[in-house]
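Structure below is structure_31.cif: mmCIF, C-alpha atoms and all ligand atoms.
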data_start
#
loop_
_atom_site.label_atom_id
_atom_site.label_comp_id
_atom_site.auth_asym_id
_atom_site.auth_seq_id
_atom_site.Cartn_x
_atom_site.Cartn_y
_atom_site.Cartn_z
CA MET U 4 0.00 0.00 0.00
CA THR U 5 1.26 3.47 -0.89
CA TYR U 6 -0.78 5.13 1.82
CA ASP U 7 -0.41 4.48 5.51
CA PHE U 8 -3.51 3.37 7.39
CA GLU U 9 -1.60 1.86 10.29
CA SER U 10 -0.04 4.83 12.04
CA CYS U 11 -2.53 7.52 12.99
CA PRO U 12 -2.20 10.76 14.92
CA ASP U 13 -3.20 10.69 18.56
CA ARG U 14 -6.60 12.39 18.55
CA ARG U 15 -6.98 12.58 22.31
CA GLY U 16 -7.21 16.17 23.48
CA SER U 17 -7.84 17.46 19.95
CA GLU U 18 -11.48 18.36 20.76
CA SER U 19 -12.54 15.31 18.80
CA VAL U 20 -16.14 14.29 19.50
CA LYS U 21 -15.19 10.67 19.01
CA TRP U 22 -12.17 10.68 21.33
CA ASP U 23 -12.85 13.42 23.83
CA LEU U 24 -16.51 12.94 24.76
CA TYR U 25 -15.86 9.74 26.71
CA PRO U 26 -12.20 10.11 27.69
CA GLY U 27 -10.39 7.01 28.81
CA THR U 28 -12.44 4.71 26.57
CA LEU U 29 -11.56 3.25 23.20
CA PRO U 30 -14.00 5.03 20.88
CA LEU U 31 -15.44 2.96 18.04
CA TRP U 32 -18.57 5.04 17.69
CA VAL U 33 -18.99 8.44 15.90
CA ALA U 34 -18.67 8.06 12.13
CA ASP U 35 -15.34 9.60 11.37
CA MET U 36 -12.06 7.81 10.75
CA ASP U 37 -8.85 7.81 12.73
CA PHE U 38 -6.78 7.87 9.51
CA LYS U 39 -4.95 10.97 8.38
CA VAL U 40 -6.61 12.68 5.44
CA ALA U 41 -5.12 11.91 2.00
CA PRO U 42 -1.90 13.87 1.43
CA GLU U 43 -3.37 15.27 -1.81
CA ILE U 44 -6.16 16.94 0.16
CA ARG U 45 -3.88 18.11 2.95
CA HIS U 46 -1.51 19.69 0.43
CA ALA U 47 -4.36 21.46 -1.34
CA LEU U 48 -5.61 22.79 1.99
CA GLN U 49 -2.08 23.85 2.93
CA ARG U 50 -1.73 25.79 -0.31
CA ARG U 51 -5.03 27.52 0.38
CA LEU U 52 -3.97 28.22 3.96
CA ASP U 53 -0.70 29.72 2.77
CA HIS U 54 -2.62 32.28 0.75
CA GLY U 55 -3.39 33.81 4.11
CA VAL U 56 -6.74 35.48 3.34
CA PHE U 57 -9.96 33.61 4.03
CA GLY U 58 -12.71 36.00 3.03
CA TYR U 59 -16.02 35.22 1.37
CA GLU U 60 -15.65 33.40 -1.91
CA LEU U 61 -17.60 32.48 -4.99
CA ILE U 62 -17.88 28.80 -5.81
CA PRO U 63 -15.81 28.31 -8.96
CA ASP U 64 -16.79 26.28 -12.03
CA ASP U 65 -14.08 23.73 -11.41
CA TYR U 66 -15.85 22.74 -8.15
CA PHE U 67 -18.83 21.50 -10.16
CA GLN U 68 -16.59 20.07 -12.88
CA ALA U 69 -14.60 18.02 -10.36
CA MET U 70 -17.80 16.59 -8.90
CA GLY U 71 -19.29 15.93 -12.33
CA ARG U 72 -16.18 14.11 -13.58
CA TRP U 73 -15.94 12.01 -10.43
CA PHE U 74 -19.53 10.77 -10.44
CA ALA U 75 -19.50 10.18 -14.20
CA THR U 76 -16.31 8.16 -14.26
CA ARG U 77 -16.65 6.30 -10.98
CA HIS U 78 -20.37 5.79 -10.76
CA GLY U 79 -21.79 6.20 -14.26
CA TRP U 80 -23.79 9.23 -13.19
CA GLU U 81 -23.56 11.75 -16.03
CA GLY U 82 -24.65 15.34 -16.12
CA ILE U 83 -23.82 16.88 -12.74
CA SER U 84 -23.17 20.59 -13.33
CA ARG U 85 -23.64 23.98 -11.76
CA GLU U 86 -27.12 24.02 -13.29
CA ASN U 87 -28.44 21.16 -11.14
CA ILE U 88 -26.54 21.53 -7.87
CA VAL U 89 -27.15 23.57 -4.75
CA PRO U 90 -24.10 23.57 -2.44
CA THR U 91 -24.66 23.69 1.30
CA THR U 92 -22.90 23.22 4.60
CA GLY U 93 -23.45 19.51 5.18
CA VAL U 94 -25.63 16.57 4.37
CA ILE U 95 -27.85 17.08 7.41
CA ALA U 96 -28.42 20.68 6.28
CA ALA U 97 -29.11 19.32 2.78
CA TYR U 98 -31.78 16.77 3.65
CA SER U 99 -33.34 18.99 6.29
CA ALA U 100 -33.76 21.77 3.71
CA ALA U 101 -35.13 19.24 1.26
CA ILE U 102 -37.74 18.11 3.81
CA LYS U 103 -38.64 21.73 4.43
CA ALA U 104 -38.96 22.39 0.71
CA MET U 105 -41.19 19.42 -0.05
CA THR U 106 -43.52 19.24 2.95
CA VAL U 107 -45.94 21.26 4.98
CA PRO U 108 -46.18 20.81 8.76
CA GLY U 109 -47.99 17.61 9.62
CA ASP U 110 -46.81 15.72 6.51
CA LYS U 111 -45.39 12.27 7.03
CA VAL U 112 -41.77 11.47 6.25
CA MET U 113 -40.93 7.82 5.91
CA VAL U 114 -37.64 6.28 7.06
CA MET U 115 -36.40 2.71 6.85
CA THR U 116 -35.38 1.85 10.38
CA PRO U 117 -32.94 1.27 11.93
CA CYS U 118 -31.58 4.39 10.26
CA TYR U 119 -29.15 7.24 10.82
CA ASN U 120 -30.28 8.88 14.06
CA ALA U 121 -30.00 12.48 12.82
CA PHE U 122 -32.85 11.75 10.40
CA PHE U 123 -35.28 11.90 13.31
CA PRO U 124 -34.66 15.48 14.55
CA ALA U 125 -34.69 16.76 10.96
CA ILE U 126 -38.20 15.39 10.53
CA ARG U 127 -39.32 16.82 13.86
CA ASN U 128 -37.66 20.20 13.29
CA ASN U 129 -39.59 20.56 10.06
CA LYS U 130 -42.80 19.83 11.99
CA CYS U 131 -43.37 16.61 10.13
CA ILE U 132 -44.33 13.20 11.42
CA GLN U 133 -41.95 10.27 11.28
CA LEU U 134 -43.30 7.12 9.67
CA ASP U 135 -41.17 4.02 10.24
CA ASN U 136 -40.80 1.27 7.69
CA PRO U 137 -38.77 -1.19 9.79
CA LEU U 138 -36.38 -3.23 7.69
CA HIS U 139 -36.93 -6.96 7.92
CA TYR U 140 -34.12 -8.73 9.78
CA ASP U 141 -34.01 -12.31 8.60
CA GLY U 142 -31.43 -13.40 11.17
CA LYS U 143 -28.54 -12.65 8.81
CA SER U 144 -29.12 -9.31 7.13
CA TYR U 145 -31.79 -6.75 6.30
CA ILE U 146 -34.25 -6.69 3.47
CA VAL U 147 -37.08 -4.27 2.80
CA ASP U 148 -40.48 -5.29 4.13
CA TRP U 149 -42.26 -4.49 0.88
CA ASP U 150 -45.83 -4.89 2.14
CA ASP U 151 -45.17 -2.47 4.96
CA PHE U 152 -43.29 -0.15 2.60
CA GLU U 153 -46.27 0.03 0.27
CA LYS U 154 -48.65 0.61 3.17
CA LYS U 155 -46.55 3.41 4.65
CA ALA U 156 -45.85 4.98 1.25
CA ALA U 157 -49.60 5.35 0.77
CA ASP U 158 -49.57 7.66 3.79
CA ALA U 159 -46.24 9.48 3.28
CA ARG U 160 -45.27 12.67 1.51
CA VAL U 161 -41.50 12.06 1.50
CA LEU U 162 -39.13 9.10 1.75
CA LEU U 163 -35.80 9.91 3.40
CA LEU U 164 -33.63 7.16 1.97
CA CYS U 165 -30.13 6.24 3.12
CA ASN U 166 -28.25 4.89 0.08
CA PRO U 167 -26.04 3.04 1.12
CA HIS U 168 -27.68 2.44 4.44
CA ASN U 169 -26.26 3.44 7.82
CA PRO U 170 -26.32 1.46 10.13
CA ALA U 171 -27.55 -1.69 8.35
CA GLY U 172 -24.50 -1.73 6.07
CA ARG U 173 -26.66 -2.48 3.05
CA VAL U 174 -25.82 -1.15 -0.39
CA TRP U 175 -29.19 -1.13 -2.09
CA THR U 176 -29.19 -2.87 -5.43
CA ARG U 177 -30.57 -1.25 -8.56
CA GLU U 178 -33.46 -3.72 -8.41
CA GLU U 179 -34.31 -2.71 -4.85
CA LEU U 180 -34.08 0.97 -5.71
CA LEU U 181 -36.34 0.44 -8.71
CA LEU U 182 -38.92 -1.23 -6.50
CA ILE U 183 -38.69 1.62 -4.01
CA ALA U 184 -38.97 4.13 -6.85
CA GLY U 185 -41.98 2.40 -8.37
CA ILE U 186 -43.89 2.32 -5.10
CA CYS U 187 -43.01 5.94 -4.33
CA GLN U 188 -44.16 7.01 -7.76
CA ARG U 189 -47.45 5.16 -7.39
CA HIS U 190 -48.14 7.01 -4.17
CA GLY U 191 -46.69 10.38 -5.12
CA VAL U 192 -43.90 10.15 -2.54
CA PHE U 193 -40.95 12.49 -3.06
CA VAL U 194 -37.55 10.83 -2.51
CA ILE U 195 -34.63 12.44 -0.69
CA SER U 196 -31.64 10.16 -1.15
CA ASP U 197 -28.82 10.67 1.35
CA GLU U 198 -25.75 9.28 -0.45
CA ILE U 199 -23.01 10.41 1.92
CA HIS U 200 -21.68 6.84 2.25
CA CYS U 201 -21.65 6.18 -1.49
CA GLU U 202 -17.90 5.77 -1.95
CA LEU U 203 -17.52 3.19 0.79
CA THR U 204 -18.61 -0.05 -0.80
CA TYR U 205 -16.99 -3.47 -0.89
CA PRO U 206 -16.46 -6.11 -3.59
CA GLY U 207 -19.69 -7.32 -5.12
CA HIS U 208 -21.73 -4.38 -3.90
CA ASP U 209 -21.77 -1.39 -6.21
CA TYR U 210 -23.41 1.85 -5.28
CA THR U 211 -26.29 2.83 -7.54
CA PRO U 212 -26.84 6.59 -7.57
CA TRP U 213 -30.55 7.31 -7.26
CA ALA U 214 -30.07 9.81 -10.07
CA THR U 215 -29.17 7.00 -12.50
CA LEU U 216 -32.64 5.48 -12.24
CA PRO U 217 -35.10 6.22 -15.05
CA GLN U 218 -35.80 9.91 -15.50
CA GLU U 219 -39.42 9.67 -14.32
CA TYR U 220 -38.17 8.69 -10.85
CA VAL U 221 -35.28 11.12 -10.77
CA LEU U 222 -37.52 14.08 -11.50
CA ASN U 223 -39.38 13.51 -8.25
CA SER U 224 -36.26 13.33 -6.08
CA VAL U 225 -33.12 14.99 -4.84
CA SER U 226 -29.77 13.40 -4.00
CA CYS U 227 -27.57 14.67 -1.18
CA ILE U 228 -23.90 14.00 -1.85
CA SER U 229 -20.62 14.89 -0.21
CA PRO U 230 -17.01 13.70 -0.14
CA THR U 231 -16.75 14.28 3.62
CA LYS U 232 -17.45 10.76 4.88
CA ALA U 233 -15.22 8.89 2.45
CA PHE U 234 -12.32 11.31 2.67
CA ASN U 235 -12.53 11.88 6.41
CA ILE U 236 -13.16 15.61 6.21
CA ALA U 237 -16.50 15.69 8.03
CA GLY U 238 -15.39 18.59 10.25
CA ILE U 239 -14.89 20.75 7.17
CA GLN U 240 -18.61 20.56 6.35
CA ILE U 241 -19.53 20.69 2.70
CA ALA U 242 -22.30 18.99 0.73
CA ASN U 243 -24.43 19.32 -2.37
CA ILE U 244 -28.04 18.81 -3.31
CA PHE U 245 -28.65 17.51 -6.82
CA ALA U 246 -32.05 18.02 -8.44
CA LYS U 247 -32.78 17.18 -12.05
CA ASP U 248 -36.00 19.18 -12.16
CA PRO U 249 -35.22 22.93 -12.25
CA GLN U 250 -38.36 23.73 -10.27
CA ILE U 251 -37.33 21.34 -7.51
CA LEU U 252 -33.83 22.82 -7.61
CA ALA U 253 -35.31 26.29 -7.13
CA LYS U 254 -37.23 25.02 -4.10
CA MET U 255 -34.01 23.60 -2.65
CA ASP U 256 -32.25 26.87 -3.22
CA ARG U 257 -35.08 28.71 -1.47
CA ALA U 258 -35.00 26.32 1.50
CA ILE U 259 -31.26 26.51 2.08
CA ASN U 260 -31.55 30.29 1.92
CA ASP U 261 -34.46 30.22 4.37
CA ASN U 262 -32.33 28.05 6.64
CA GLU U 263 -29.31 30.35 6.15
CA CYS U 264 -27.01 27.51 5.19
CA CYS U 265 -26.15 28.57 1.65
CA ASP U 266 -22.65 29.95 2.26
CA VAL U 267 -20.15 27.15 2.37
CA ASN U 268 -16.79 26.91 4.06
CA ILE U 269 -14.04 27.97 1.64
CA PHE U 270 -11.87 25.07 2.85
CA GLY U 271 -14.72 22.74 1.97
CA VAL U 272 -14.52 23.92 -1.62
CA THR U 273 -10.77 23.31 -1.74
CA ALA U 274 -11.07 19.92 -0.05
CA LEU U 275 -13.89 18.75 -2.31
CA LYS U 276 -11.95 19.64 -5.44
CA ALA U 277 -8.82 17.89 -4.22
CA ALA U 278 -10.79 14.82 -3.14
CA TYR U 279 -12.62 14.41 -6.43
CA ASN U 280 -9.66 15.40 -8.63
CA GLU U 281 -6.85 13.59 -6.85
CA GLY U 282 -8.28 11.38 -4.12
CA GLY U 283 -9.14 8.25 -6.12
CA PRO U 284 -6.00 6.18 -5.42
CA TRP U 285 -6.15 6.94 -1.66
CA LEU U 286 -9.83 6.05 -1.56
CA ASP U 287 -9.27 2.75 -3.34
CA GLN U 288 -6.62 1.75 -0.83
CA LEU U 289 -8.78 2.88 2.05
CA ARG U 290 -11.64 0.68 0.83
CA GLU U 291 -9.30 -2.26 0.63
CA TYR U 292 -8.05 -1.62 4.15
CA LEU U 293 -11.60 -1.27 5.50
CA PHE U 294 -12.69 -4.41 3.70
CA HIS U 295 -9.98 -6.33 5.55
CA ASN U 296 -10.95 -4.68 8.81
CA ALA U 297 -14.52 -5.84 8.31
CA ARG U 298 -13.35 -9.37 7.58
CA THR U 299 -11.14 -9.28 10.65
CA VAL U 300 -14.08 -8.37 12.89
CA ALA U 301 -16.36 -10.95 11.28
CA CYS U 302 -13.80 -13.80 11.52
CA PHE U 303 -12.69 -12.85 15.01
CA LEU U 304 -16.19 -12.77 16.44
CA GLU U 305 -17.26 -15.86 14.55
CA ASP U 306 -14.40 -17.75 16.20
CA GLU U 307 -14.51 -16.19 19.64
CA LEU U 308 -18.11 -15.15 20.16
CA PRO U 309 -20.41 -16.94 17.71
CA GLN U 310 -23.48 -15.93 19.74
CA VAL U 311 -23.09 -12.43 18.30
CA THR U 312 -24.32 -12.13 14.73
CA VAL U 313 -22.17 -9.81 12.64
CA LEU U 314 -24.19 -8.49 9.73
CA PRO U 315 -22.40 -8.61 6.37
CA LEU U 316 -20.89 -5.25 5.56
CA GLU U 317 -21.72 -4.28 1.98
CA GLY U 318 -20.92 -0.61 2.46
CA THR U 319 -20.00 2.08 5.04
CA TYR U 320 -17.39 1.52 7.76
CA LEU U 321 -20.05 0.90 10.37
CA MET U 322 -20.64 -2.68 11.40
CA TRP U 323 -23.87 -3.79 12.96
CA LEU U 324 -23.79 -6.49 15.60
CA ASN U 325 -26.76 -8.37 16.97
CA CYS U 326 -25.89 -8.57 20.66
CA ARG U 327 -29.19 -9.92 21.96
CA ALA U 328 -27.48 -13.11 23.08
CA ALA U 329 -26.00 -11.09 25.95
CA LEU U 330 -29.46 -10.61 27.45
CA GLN U 331 -29.67 -12.10 30.89
CA ASP U 332 -32.43 -14.54 31.73
CA GLY U 333 -35.66 -12.60 32.10
CA GLU U 334 -34.09 -9.27 31.10
CA PRO U 335 -36.39 -7.19 28.88
CA LEU U 336 -35.13 -6.29 25.43
CA GLU U 337 -36.30 -2.72 25.88
CA GLY U 338 -33.40 -0.57 27.01
CA PHE U 339 -30.88 -3.36 26.48
CA SER U 340 -28.62 -1.55 23.99
CA GLU U 341 -28.24 1.37 26.35
CA ARG U 342 -27.53 -0.83 29.38
CA PHE U 343 -25.10 -2.95 27.42
CA GLY U 344 -23.36 0.12 25.95
CA LYS U 345 -22.95 1.62 29.42
CA HIS U 346 -21.58 -1.67 30.71
CA LEU U 347 -19.00 -1.76 27.90
CA GLN U 348 -17.93 1.77 28.75
CA GLU U 349 -17.65 1.14 32.47
CA LYS U 350 -16.23 -2.36 32.55
CA VAL U 351 -13.99 -2.60 29.50
CA LYS U 352 -13.60 1.06 28.52
CA LEU U 353 -15.07 0.65 25.08
CA THR U 354 -17.52 3.09 23.47
CA LEU U 355 -19.79 1.76 20.72
CA SER U 356 -23.04 3.26 19.41
CA ASN U 357 -26.20 1.89 21.00
CA GLY U 358 -28.43 0.33 18.36
CA SER U 359 -31.59 1.80 19.88
CA ILE U 360 -30.62 5.36 18.92
CA TYR U 361 -31.32 4.33 15.30
CA GLY U 362 -34.95 3.58 16.13
CA ALA U 363 -36.79 0.86 18.01
CA ALA U 364 -35.81 -1.62 15.28
CA GLY U 365 -32.18 -1.24 16.40
CA GLU U 366 -32.78 -2.38 19.97
CA GLY U 367 -30.42 -5.21 20.87
CA PHE U 368 -27.81 -4.19 18.30
CA MET U 369 -24.59 -2.21 18.61
CA ARG U 370 -22.80 -0.26 15.87
CA VAL U 371 -19.02 -0.50 15.55
CA ASN U 372 -16.91 2.00 13.61
CA ILE U 373 -14.09 -0.02 12.01
CA ALA U 374 -12.25 2.95 10.47
CA CYS U 375 -9.10 2.72 12.55
CA PRO U 376 -5.83 0.75 12.49
CA ARG U 377 -6.40 -3.00 12.64
CA SER U 378 -4.53 -3.44 15.92
CA ARG U 379 -6.83 -0.88 17.56
CA LEU U 380 -9.87 -2.61 16.16
CA LEU U 381 -8.68 -5.95 17.53
CA ASP U 382 -8.12 -4.35 20.91
CA GLY U 383 -11.72 -3.14 20.68
CA MET U 384 -12.99 -6.59 19.80
CA GLN U 385 -11.12 -8.14 22.73
CA ARG U 386 -12.70 -5.60 25.02
CA PHE U 387 -16.05 -6.32 23.44
CA ILE U 388 -15.77 -10.04 24.15
CA ALA U 389 -14.77 -9.40 27.76
CA GLY U 390 -17.65 -6.94 28.13
CA PHE U 391 -20.11 -9.34 26.56
CA GLU U 392 -19.12 -12.18 28.89
CA SER U 393 -19.17 -10.02 31.99
CA TYR U 394 -22.58 -8.56 31.07
CA ARG U 395 -24.06 -11.96 30.41
CA PHE U 396 -22.93 -13.37 33.73
CA GLN U 397 -23.18 -10.34 35.96
CA LYS U 398 -25.29 -10.70 39.06
C1 LIG I 401 -26.38 8.88 6.57
C2 LIG I 401 -25.68 10.11 7.06
N1 LIG I 401 -26.08 11.31 6.64
C3 LIG I 401 -25.48 12.45 7.06
C4 LIG I 401 -24.44 12.40 7.96
C5 LIG I 401 -23.82 13.69 8.45
O1 LIG I 401 -23.56 14.53 7.39
P1 LIG I 401 -22.94 16.00 7.61
O2 LIG I 401 -21.88 15.89 8.65
O3 LIG I 401 -22.41 16.38 6.24
O4 LIG I 401 -24.07 16.87 8.02
C6 LIG I 401 -23.98 11.16 8.43
C7 LIG I 401 -22.90 11.08 9.41
O5 LIG I 401 -22.59 10.06 9.94
C8 LIG I 401 -24.63 9.98 7.96
O6 LIG I 401 -24.25 8.77 8.38
#
Just dump the structure as structure tokens.
Ligand SMILES: Cc1ncc(COP(=O)(O)O)c(C=O)c1O
Amino acid sequence: MTYDFESCPDRRGSESVKWDLYPGTLPLWVADMDFKVAPEIRHALQRRLDHGVFGYELIPDDYFQAMGRWFATRHGWEGISRENIVPTTGVIAAYSAAIKAMTVPGDKVMVMTPCYNAFFPAIRNNKCIQLDNPLHYDGKSYIVDWDDFEKKAADARVLLLCNPHNPAGRVWTREELLLIAGICQRHGVFVISDEIHCELTYPGHDYTPWATLPQEYVLNSVSCISPTKAFNIAGIQIANIFAKDPQILAKMDRAINDNECCDVNIFGVTALKAAYNEGGPWLDQLREYLFHNARTVACFLEDELPQVTVLPLEGTYLMWLNCRAALQDGEPLEGFSERFGKHLQEKVKLTLSNGSIYGAAGEGFMRVNIACPRSRLLDGMQRFIAGFESYRFQK
């Protein structure tokens, strides 16, 4: 490997949410990576820093060109340009504005749970009602419960889709997306596709941009995209809303102006251009490293703790573990993830994400962020096993 994913800076004391919120624990929770950002991006940022003036800036054409080239060549998504993009300060800002633009208070917004926890406040903050379509867990992985999906779609105004899906680790296939699109079209449901995890997919599981579905579906949708997750620049905060329909685009533009999140960070512009223009080789090696991390976790737990089901990771660097086997005799499932998470923090100094924060469907699961050096991940898994055993047999 040309790039180094083994030695990482010490993030303790750097005001990192992941490392400094629960000091003294090994943090495998918040979705950022412990790896240093690609040198190509760091150098671009350094050059910009060296200019020494950081005033307000226009967004240049080559920002849109870099994004357009990247998605066309890597993902077969042609046609991204300044004419169909609204830049904003992050993906949460993007989908929240999109909800605002496409709903009126009291409308129902459908989510496929367990899903990214910051979907929930965005629905509430826009005075909408959350409608859960729980994914069907078949004991191994998640599939869509189509009957329930159809039923909920009949009642919903918007679907907030996570493509690929955090925390289930699913990379929706084109066939699945077409089914989702068909049902949404039948019921007049507008689709907001959050594609922040789109670069992080593993062999056999290709990301399908929502915008590459047939035009009739794309016209009634927006896609929220950003390089921040894949290139580990989440703190820089930059994202884009794509809308094929100019009238929808105008609504997005209005909403991000209403929400006052239309002026982006100048370093975000620099970082995005460097990521999309020069970041490909780094990203490919990162994906390979993460793929091996995921296999390491799966093999390790299969050998050492087969009671825990590790869901196959098709995409994202967030693994989803069914920990219900740790339940003590007679212990209710409700509240288990939180109790178990607290136990892991107190007894083995390990912080994971509690599955229940992703909706009731996540109760009994824990989410593990594997984007760190392999030795650190193995340390985490050893702690996890010790924590699991001590929880199971505690008095
Ligand atoms: C699905 C999803 N959307 C959005 C975000 C956050 O995006 P941003 O930091 O650009 O607001 C995350 C972060 O983990 C995420 O997993």
Skipping near chain neighbours, those fewer than 2 positions away, what residues fall within 9 Å of Gln288 of chain U using all atoms listed in the file, listed as a count of residues only? 12
May I ask for the distance between atom CA of Pro212 of chain U and atom CA of Val174 of chain U, given in Å to one decimal place?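 Separation of atom CA of Pro212 of chain U and atom CA of Val174 of chain U: 10.6 Å.
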Write out as a PyMOL selection string each polymer residue (protein, DNA or RNA) that has an atom no more than 9 Å from ligand LIG 401 (chain I), with only C-alpha atoms and all ligand atoms counted. chain U and resi 33-35+92-98+118-122+164-170+197-200+227-232+237-242+319
Print the selection's residues with C-alpha atoms to a file, as an mmCIF file, in the frame of the given file.
data_model
loop_
_atom_site.group_PDB
_atom_site.id
_atom_site.type_symbol
_atom_site.label_atom_id
_atom_site.label_comp_id
_atom_site.auth_asym_id
_atom_site.auth_seq_id
_atom_site.Cartn_x
_atom_site.Cartn_y
_atom_site.Cartn_z
ATOM 1 C CA VAL U 33 -18.990 8.440 15.900
ATOM 2 C CA ALA U 34 -18.670 8.060 12.130
ATOM 3 C CA ASP U 35 -15.340 9.600 11.370
ATOM 4 C CA THR U 92 -22.900 23.220 4.600
ATOM 5 C CA GLY U 93 -23.450 19.510 5.180
ATOM 6 C CA VAL U 94 -25.630 16.570 4.370
ATOM 7 C CA ILE U 95 -27.850 17.080 7.410
ATOM 8 C CA ALA U 96 -28.420 20.680 6.280
ATOM 9 C CA ALA U 97 -29.110 19.320 2.780
ATOM 10 C CA TYR U 98 -31.780 16.770 3.650
ATOM 11 C CA CYS U 118 -31.580 4.390 10.260
ATOM 12 C CA TYR U 119 -29.150 7.240 10.820
ATOM 13 C CA ASN U 120 -30.280 8.880 14.060
ATOM 14 C CA ALA U 121 -30.000 12.480 12.820
ATOM 15 C CA PHE U 122 -32.850 11.750 10.400
ATOM 16 C CA LEU U 164 -33.630 7.160 1.970
ATOM 17 C CA CYS U 165 -30.130 6.240 3.120
ATOM 18 C CA ASN U 166 -28.250 4.890 0.080
ATOM 19 C CA PRO U 167 -26.040 3.040 1.120
ATOM 20 C CA HIS U 168 -27.680 2.440 4.440
ATOM 21 C CA ASN U 169 -26.260 3.440 7.820
ATOM 22 C CA PRO U 170 -26.320 1.460 10.130
ATOM 23 C CA ASP U 197 -28.820 10.670 1.350
ATOM 24 C CA GLU U 198 -25.750 9.280 -0.450
ATOM 25 C CA ILE U 199 -23.010 10.410 1.920
ATOM 26 C CA HIS U 200 -21.680 6.840 2.250
ATOM 27 C CA CYS U 227 -27.570 14.670 -1.180
ATOM 28 C CA ILE U 228 -23.900 14.000 -1.850
ATOM 29 C CA SER U 229 -20.620 14.890 -0.210
ATOM 30 C CA PRO U 230 -17.010 13.700 -0.140
ATOM 31 C CA THR U 231 -16.750 14.280 3.620
ATOM 32 C CA LYS U 232 -17.450 10.760 4.880
ATOM 33 C CA ALA U 237 -16.500 15.690 8.030
ATOM 34 C CA GLY U 238 -15.390 18.590 10.250
ATOM 35 C CA ILE U 239 -14.890 20.750 7.170
ATOM 36 C CA GLN U 240 -18.610 20.560 6.350
ATOM 37 C CA ILE U 241 -19.530 20.690 2.700
ATOM 38 C CA ALA U 242 -22.300 18.990 0.730
ATOM 39 C CA THR U 319 -20.000 2.080 5.040
#
Can you work out which one of U:Asp64, U:Asp37, U:Asp287, U:Asp150 has the shortest atom-to-atom distance to Leu203 of chain U, counting only C-alpha atoms?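 Among the listed residues, the smallest separation from Leu203 of chain U belongs to U:Asp287.
Atom CA of Lys352 of chain U to atom CA of Gly383 of chain U spans 9.1 Å [interatomic distance, one decimal].
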Nearest-residue call for Phe234 of chain U, choices U:Ala104, U:Cys265, U:Cys326, U:Ala374, using all atoms listed in the file: U:Ala374
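For the set U:Val221, U:Leu182, U:Val272, U:Ile373, the residue with the smallest atom-to-atom gap to Asn296 of chain U is U:Ile373, counting only C-alpha atoms.
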So which one's closest to Thr28 of chain U, U:Gln133, U:Thr354, U:Asn372, U:Gln397? Using all atoms listed in the file, please.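 Among the listed residues, the smallest separation from Thr28 of chain U belongs to U:Thr354.
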Work out how far atom CA of Ala159 of chain U is from atom CA of Asn260 of chain U, in Å to one decimal.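 We find that atom CA of Asn260 of chain U and atom CA of Ala159 of chain U lie 25.5 Å from each other.
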Counting all atoms listed in the file, which residues of segment 105-166 of chain U fall within 12 Å of segment 356-366 of chain U, and what is the closest atom pair for each with its distance in Å at one decimal, ordered by chain and rising number, as CSV?
residue,atom,partner,partner_atom,distance
U:Val114,CA,U:Gly362,CA,9.8
U:Met115,CA,U:Gly362,CA,9.4
U:Thr116,CA,U:Ala364,CA,6.0
U:Pro117,CA,U:Tyr361,CA,4.8
U:Cys118,CA,U:Tyr361,CA,5.0
U:Tyr119,CA,U:Tyr361,CA,5.8
U:Asn120,CA,U:Tyr361,CA,4.8
U:Ala121,CA,U:Tyr361,CA,8.6
U:Phe122,CA,U:Tyr361,CA,9.0
U:Phe123,CA,U:Tyr361,CA,8.8
U:Pro124,CA,U:Tyr361,CA,11.7
U:Gln133,CA,U:Gly362,CA,10.8
U:Leu134,CA,U:Gly362,CA,11.1
U:Asp135,CA,U:Gly362,CA,8.6
U:Asn136,CA,U:Ala364,CA,9.5
U:Pro137,CA,U:Ala364,CA,6.3
U:Leu138,CA,U:Ala364,CA,7.8
U:His139,CA,U:Ala364,CA,9.2
U:Tyr140,CA,U:Ala364,CA,9.1
U:Tyr145,CA,U:Ala364,CA,11.1
Do a neighbour search on segment 306-318 of chain U at 9 Å with all atoms listed in the file, toss out local chain neighbours closer than 5 positions, and write the hits as a VMD selection string. chain U and resid 142 to 145 167 to 169 171 to 174 200 to 210 294 297 to 298 300 to 301 323 to 329 388 391
So which residues fall inside 12 Å of (-44.9, 1.6, -6.6) if we count all atoms listed in the file? Mind giving them as a ChimeraX atom specification? /U:149-150,152-157,179-192,220
Contacts of segment 46-58 of chain U at 7 Å (all atoms listed in the file; same-chain gap of 3+ positions) as a list in words: Pro42, Glu43, Phe270, Thr273, Ala274 and Ala277 of chain U
As a count of residues only, please: the residues near Val107 of chain U (cut-off 9 Å, all atoms listed in the file, same-chain neighbours under 2 positions excluded). 9
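Excluding Ala214 of chain U itself and any same-chain residue fewer than 6 positions from it, the protein and nucleic acid residues within 8 Å of it, counting all atoms listed in the file, are Trp80, Val221, Val225 and Ser226 of chain U.
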For each of U:Asn235, U:Asn268, U:Gln348, U:Thr76, take the minimum atom-to-atom distance to Met36 of chain U, counting all atoms listed in the file, then give the residue where this is smallest.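 Of U:Asn235, U:Asn268, U:Gln348, U:Thr76, the one nearest Met36 of chain U is U:Asn235, counting all atoms listed in the file.
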Let me know the centre plus edge lengths, in Å and rounded to one decimal, of a box with edges along x, y and z that contains all listed atoms of segment 85-89 of chain U and is padded by 3 Å on every side, as AutoDock Vina command-line options.
--center_x -26.0 --center_y 22.6 --center_z -9.0 --size_x 10.8 --size_y 8.9 --size_z 14.5
Nearest to Trp73 of chain U, restricted to all atoms listed in the file and choosing among U:Tyr25, U:Tyr279, U:Trp175, U:Phe193, comes out as U:Tyr279
